[in-house]
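start.cif (mmCIF, C-alpha atoms)
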```
data_query
#
loop_
_atom_site.group_PDB
_atom_site.id
_atom_site.type_symbol
_atom_site.label_atom_id
_atom_site.label_comp_id
_atom_site.auth_asym_id
_atom_site.auth_seq_id
_atom_site.Cartn_x
_atom_site.Cartn_y
_atom_site.Cartn_z
ATOM 1 C CA MET A 1 3.113 2.825 16.919
ATOM 2 C CA LEU A 2 -0.455 3.823 17.402
ATOM 3 C CA PHE A 3 -1.864 1.928 14.416
ATOM 4 C CA ARG A 4 0.346 -1.128 14.381
ATOM 5 C CA ARG A 5 -1.421 -4.250 13.209
ATOM 6 C CA LYS A 6 -1.253 -7.338 15.291
ATOM 7 C CA LYS A 7 0.603 -10.102 13.589
ATOM 8 C CA LYS A 8 -1.592 -13.063 12.884
ATOM 9 C CA GLU A 9 -0.080 -16.465 13.014
ATOM 10 C CA VAL A 10 -0.133 -17.767 9.500
ATOM 11 C CA VAL A 11 -0.387 -21.485 9.154
ATOM 12 C CA ALA A 12 0.183 -22.461 5.568
ATOM 13 C CA ALA A 13 -2.102 -25.295 4.631
ATOM 14 C CA GLU A 14 -0.161 -27.992 2.860
ATOM 15 C CA PRO A 15 -1.755 -28.575 -0.531
ATOM 16 C CA THR A 16 -3.005 -32.089 -1.026
ATOM 17 C CA LEU A 17 -0.794 -34.326 -3.098
ATOM 18 C CA GLU A 18 -3.731 -36.173 -4.572
ATOM 19 C CA PRO A 19 -7.071 -34.874 -5.836
ATOM 20 C CA VAL A 20 -9.805 -34.923 -3.209
ATOM 21 C CA SER A 21 -12.172 -37.879 -3.174
ATOM 22 C CA GLY A 22 -15.208 -39.281 -1.432
ATOM 23 C CA ALA A 23 -17.273 -37.043 0.823
ATOM 24 C CA GLU A 24 -14.407 -34.548 0.847
ATOM 25 C CA ILE A 25 -15.380 -33.497 -2.691
ATOM 26 C CA ASP A 26 -18.673 -32.047 -1.442
ATOM 27 C CA VAL A 27 -16.980 -30.324 1.509
ATOM 28 C CA VAL A 28 -14.364 -28.714 -0.737
ATOM 29 C CA ARG A 29 -17.068 -27.825 -3.286
ATOM 30 C CA GLU A 30 -19.080 -25.893 -0.688
ATOM 31 C CA ARG A 31 -15.966 -24.188 0.672
ATOM 32 C CA CYS A 32 -15.006 -23.090 -2.842
ATOM 33 C CA ARG A 33 -18.537 -21.884 -3.650
ATOM 34 C CA ASP A 34 -18.361 -19.740 -0.509
ATOM 35 C CA MET A 35 -15.018 -18.381 -1.699
ATOM 36 C CA VAL A 36 -16.595 -17.555 -5.083
ATOM 37 C CA ARG A 37 -19.491 -15.684 -3.433
ATOM 38 C CA LYS A 38 -17.087 -13.575 -1.366
ATOM 39 C CA ARG A 39 -14.948 -12.710 -4.378
ATOM 40 C CA ALA A 40 -18.074 -11.921 -6.409
ATOM 41 C CA LEU A 41 -19.077 -9.398 -3.733
ATOM 42 C CA VAL A 42 -15.658 -7.781 -4.043
ATOM 43 C CA SER A 43 -16.120 -7.722 -7.815
ATOM 44 C CA ALA A 44 -19.502 -6.028 -7.396
ATOM 45 C CA GLY A 45 -17.979 -3.425 -5.088
ATOM 46 C CA VAL A 46 -15.264 -2.588 -7.600
ATOM 47 C CA ALA A 47 -17.828 -2.543 -10.424
ATOM 48 C CA ALA A 48 -19.757 0.168 -8.578
ATOM 49 C CA VAL A 49 -16.748 2.496 -8.855
ATOM 50 C CA PRO A 50 -17.542 4.904 -11.703
ATOM 51 C CA LEU A 51 -14.177 4.510 -13.462
ATOM 52 C CA PRO A 52 -14.435 2.515 -16.698
ATOM 53 C CA GLY A 53 -11.947 -0.331 -17.016
ATOM 54 C CA VAL A 54 -11.006 -0.598 -13.340
ATOM 55 C CA ASP A 55 -13.563 -3.342 -12.768
ATOM 56 C CA ILE A 56 -12.356 -5.432 -15.695
ATOM 57 C CA LEU A 57 -8.738 -5.253 -14.559
ATOM 58 C CA SER A 58 -9.782 -6.110 -11.012
ATOM 59 C CA ASP A 59 -11.962 -9.005 -12.199
ATOM 60 C CA LEU A 60 -9.106 -10.422 -14.278
ATOM 61 C CA THR A 61 -6.731 -10.399 -11.340
ATOM 62 C CA THR A 62 -9.268 -11.608 -8.796
ATOM 63 C CA PHE A 63 -10.591 -14.400 -11.006
ATOM 64 C CA THR A 64 -7.074 -15.587 -11.862
ATOM 65 C CA VAL A 65 -6.232 -15.930 -8.169
ATOM 66 C CA LEU A 66 -9.615 -17.537 -7.445
ATOM 67 C CA VAL A 67 -9.158 -20.208 -10.119
ATOM 68 C CA GLU A 68 -5.697 -21.078 -8.824
ATOM 69 C CA GLU A 69 -7.024 -21.393 -5.262
ATOM 70 C CA VAL A 70 -9.984 -23.554 -6.325
ATOM 71 C CA ASN A 71 -7.691 -25.834 -8.341
ATOM 72 C CA LYS A 72 -5.413 -26.253 -5.308
ATOM 73 C CA GLU A 73 -8.356 -26.936 -2.985
ATOM 74 C CA PHE A 74 -9.465 -29.807 -5.209
ATOM 75 C CA GLY A 75 -5.896 -31.048 -5.695
ATOM 76 C CA LEU A 76 -6.116 -30.196 -9.386
ATOM 77 C CA SER A 77 -3.489 -27.508 -9.884
ATOM 78 C CA GLN A 78 -0.982 -28.076 -12.646
ATOM 79 C CA GLN A 79 1.763 -29.045 -10.174
ATOM 80 C CA GLN A 80 -0.537 -31.446 -8.312
ATOM 81 C CA ILE A 81 -1.707 -33.161 -11.494
ATOM 82 C CA GLU A 82 1.856 -33.507 -12.762
ATOM 83 C CA ARG A 83 2.670 -35.577 -9.623
ATOM 84 C CA LEU A 84 -0.070 -38.110 -10.394
ATOM 85 C CA HIS A 85 0.494 -41.498 -11.975
ATOM 86 C CA PRO A 86 0.675 -40.972 -15.777
ATOM 87 C CA ARG A 87 -2.589 -42.854 -16.342
ATOM 88 C CA LEU A 88 -4.439 -40.717 -13.781
ATOM 89 C CA ARG A 89 -2.841 -37.587 -15.206
ATOM 90 C CA VAL A 90 -4.251 -38.381 -18.653
ATOM 91 C CA LEU A 91 -7.650 -39.139 -17.114
ATOM 92 C CA ALA A 92 -7.600 -35.817 -15.247
ATOM 93 C CA TYR A 93 -6.974 -33.832 -18.415
ATOM 94 C CA GLN A 94 -9.550 -35.866 -20.368
ATOM 95 C CA ALA A 95 -12.153 -35.345 -17.642
ATOM 96 C CA ALA A 96 -11.397 -31.609 -17.559
ATOM 97 C CA ALA A 97 -11.849 -31.398 -21.321
ATOM 98 C CA SER A 98 -15.084 -33.398 -21.252
ATOM 99 C CA VAL A 99 -16.747 -31.179 -18.622
ATOM 100 C CA GLY A 100 -15.549 -27.987 -20.288
ATOM 101 C CA GLY A 101 -13.178 -27.053 -17.490
ATOM 102 C CA MET A 102 -10.661 -25.153 -19.568
ATOM 103 C CA LEU A 103 -8.956 -23.838 -16.417
ATOM 104 C CA VAL A 104 -8.733 -27.125 -14.502
ATOM 105 C CA GLY A 105 -5.173 -28.343 -14.089
ATOM 106 C CA LYS A 106 -3.588 -25.593 -16.121
ATOM 107 C CA LEU A 107 -1.224 -22.807 -15.292
ATOM 108 C CA VAL A 108 -3.715 -19.973 -15.021
ATOM 109 C CA THR A 109 -2.635 -16.701 -16.564
ATOM 110 C CA GLN A 110 -4.492 -13.456 -17.059
ATOM 111 C CA ARG A 111 -4.408 -14.123 -20.801
ATOM 112 C CA LEU A 112 -6.251 -17.417 -20.311
ATOM 113 C CA VAL A 113 -8.814 -15.749 -18.034
ATOM 114 C CA LEU A 114 -9.204 -12.939 -20.573
ATOM 115 C CA GLN A 115 -10.179 -15.546 -23.189
ATOM 116 C CA LEU A 116 -12.844 -16.790 -20.788
ATOM 117 C CA PHE A 117 -14.056 -13.240 -20.216
ATOM 118 C CA LYS A 118 -14.302 -12.693 -23.984
ATOM 119 C CA ARG A 119 -16.892 -15.475 -24.082
ATOM 120 C CA ALA A 120 -18.986 -13.383 -21.701
ATOM 121 C CA GLY A 121 -18.233 -10.237 -23.701
ATOM 122 C CA LEU A 122 -21.786 -8.942 -24.092
ATOM 123 C CA LYS A 123 -22.431 -8.953 -20.352
ATOM 124 C CA ILE A 124 -19.095 -7.249 -19.653
ATOM 125 C CA ALA A 125 -19.894 -4.622 -22.280
ATOM 126 C CA ALA A 126 -23.289 -4.021 -20.678
ATOM 127 C CA LYS A 127 -21.628 -3.685 -17.292
ATOM 128 C CA THR A 128 -19.207 -1.079 -18.669
ATOM 129 C CA VAL A 129 -21.878 0.905 -20.516
ATOM 130 C CA THR A 130 -24.163 1.126 -17.496
ATOM 131 C CA LYS A 131 -21.488 3.062 -15.608
ATOM 132 C CA VAL A 132 -22.325 6.133 -17.701
ATOM 133 C CA VAL A 133 -25.692 6.516 -15.960
ATOM 134 C CA PRO A 134 -25.160 7.971 -12.478
ATOM 135 C CA VAL A 135 -26.139 5.894 -9.422
ATOM 136 C CA ALA A 136 -28.621 3.536 -11.136
ATOM 137 C CA GLY A 137 -25.972 2.618 -13.693
ATOM 138 C CA GLN A 138 -23.444 1.908 -10.982
ATOM 139 C CA ILE A 139 -25.919 -0.295 -9.146
ATOM 140 C CA ALA A 140 -26.733 -2.158 -12.362
ATOM 141 C CA SER A 141 -23.030 -2.508 -13.131
ATOM 142 C CA ALA A 142 -22.395 -3.960 -9.674
ATOM 143 C CA ALA A 143 -25.303 -6.413 -10.044
ATOM 144 C CA ILE A 144 -24.123 -7.563 -13.476
ATOM 145 C CA GLY A 145 -20.551 -7.880 -12.199
ATOM 146 C CA PHE A 146 -21.634 -9.967 -9.210
ATOM 147 C CA ALA A 147 -23.820 -12.281 -11.285
ATOM 148 C CA LEU A 148 -21.212 -12.774 -14.005
ATOM 149 C CA PHE A 149 -18.321 -13.386 -11.605
ATOM 150 C CA ARG A 150 -20.385 -15.792 -9.494
ATOM 151 C CA LYS A 151 -21.620 -17.729 -12.525
ATOM 152 C CA MET A 152 -18.142 -18.156 -13.963
ATOM 153 C CA GLY A 153 -16.734 -19.095 -10.555
ATOM 154 C CA TYR A 154 -19.474 -21.651 -9.902
ATOM 155 C CA GLN A 155 -18.880 -23.202 -13.327
ATOM 156 C CA HIS A 156 -15.209 -23.657 -12.512
ATOM 157 C CA VAL A 157 -15.970 -25.163 -9.082
ATOM 158 C CA GLU A 158 -18.430 -27.630 -10.649
ATOM 159 C CA ALA A 159 -15.881 -28.572 -13.326
ATOM 160 C CA CYS A 160 -13.266 -29.267 -10.633
ATOM 161 C CA ALA A 161 -15.742 -31.338 -8.605
ATOM 162 C CA GLN A 162 -16.654 -33.379 -11.681
ATOM 163 C CA VAL A 163 -12.979 -34.013 -12.528
ATOM 164 C CA ALA A 164 -12.338 -35.115 -8.931
ATOM 165 C CA ARG A 165 -15.297 -37.525 -9.132
ATOM 166 C CA GLU A 166 -14.015 -38.973 -12.421
ATOM 167 C CA LEU A 167 -10.571 -39.519 -10.886
ATOM 168 C CA GLN A 168 -12.190 -41.169 -7.874
ATOM 169 C CA LYS A 169 -14.054 -43.580 -10.188
ATOM 170 C CA ALA A 170 -10.798 -44.421 -11.970
ATOM 171 C CA ARG A 171 -9.066 -45.167 -8.661
ATOM 172 C CA VAL A 172 -11.971 -47.367 -7.548
ATOM 173 C CA ILE A 173 -11.779 -49.374 -10.764
ATOM 174 C CA ASP A 174 -8.000 -49.703 -10.385
ATOM 175 C CA MET A 175 -8.283 -50.930 -6.795
ATOM 176 C CA GLY A 176 -11.374 -53.042 -7.401
ATOM 177 C CA THR A 177 -13.112 -51.701 -4.299
ATOM 178 C CA ALA A 178 -16.321 -49.874 -3.604
ATOM 179 C CA PRO A 179 -16.243 -46.074 -3.362
ATOM 180 C CA VAL A 180 -15.968 -44.497 0.060
#
```

Let's see the structure in the file written out as structure tokens.
Amino acid sequence: MLFRRKKKEVVAAEPTLEPVSGAEIDVVRERCRDMVRKRALVSAGVAAVPLPGVDILSDLTTFTVLVEEVNKEFGLSQQQIERLHPRLRVLAYQAAASVGGMLVGKLVTQRLVLQLFKRAGLKIAAKTVTKVVPVAGQIASAAIGFALFRKMGYQHVEACAQVARELQKARVIDMGTAPV
């Protein structure tokens, strides 16, 4: 057992039952933006591989997982929103629709992410075409992949943060207290 990996103790973080609020929104926002940057670097690395199509498949899978994790971090996954009071649930979906967060609070599938990627179709096409040119094309493809993935990830994080703020305002009005 020369190359046996050490087992790391895995502590599963219990997902929040309620959407984040107060100063925690900014903390979660920064943590999620960091997660997006790391995944965008992975996307850029895969985009540099000179095999057409591998990067798109990888981006679909990676972005799907990223969106689910960001939703959970903000307490806005589909399961978490379904546990909310019906009035807050409606507000969450209305807030998501108003900020353009089409992936907030929904069961995220690769088909849904593919629809999002189709909106950025020209950039993805440019990324794929640049792979034909040796070395410089791969570098350009990686740069485009990083920028596109990061932009889409940041947009989702901002949409989640905005929905969390809207839910916080609704709770404050319901309780008749000042925000924390």

### Query
Expanded to explicit residues, what is the PyMOL selection byres ((chain A and resi 32-40) around 7) for this file, as a PyMOL selection string?
chain A and resi 28-31+41-44+70+146+149-150+153-154+157

### For Leu66 in chain A, the nearest of the candidates A:Val49, A:Val104, A:Leu91, A:Leu84, counting all atoms listed in the file
A:Val104

### Query
Which protein, DNA or RNA residues are at most 12 Å from (-11.7, -37.8, -16.0) in the file's coordinates when you count only C-alpha atoms, listed as a PyMOL selection string?
chain A and resi 19+76+81+87-101+104-105+159-171

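Nearest residue to Leu51 in chain A, choosing from A:His156, A:Thr64, A:Gln138, A:Val172 and counting all atoms listed in the file: A:Gln138.
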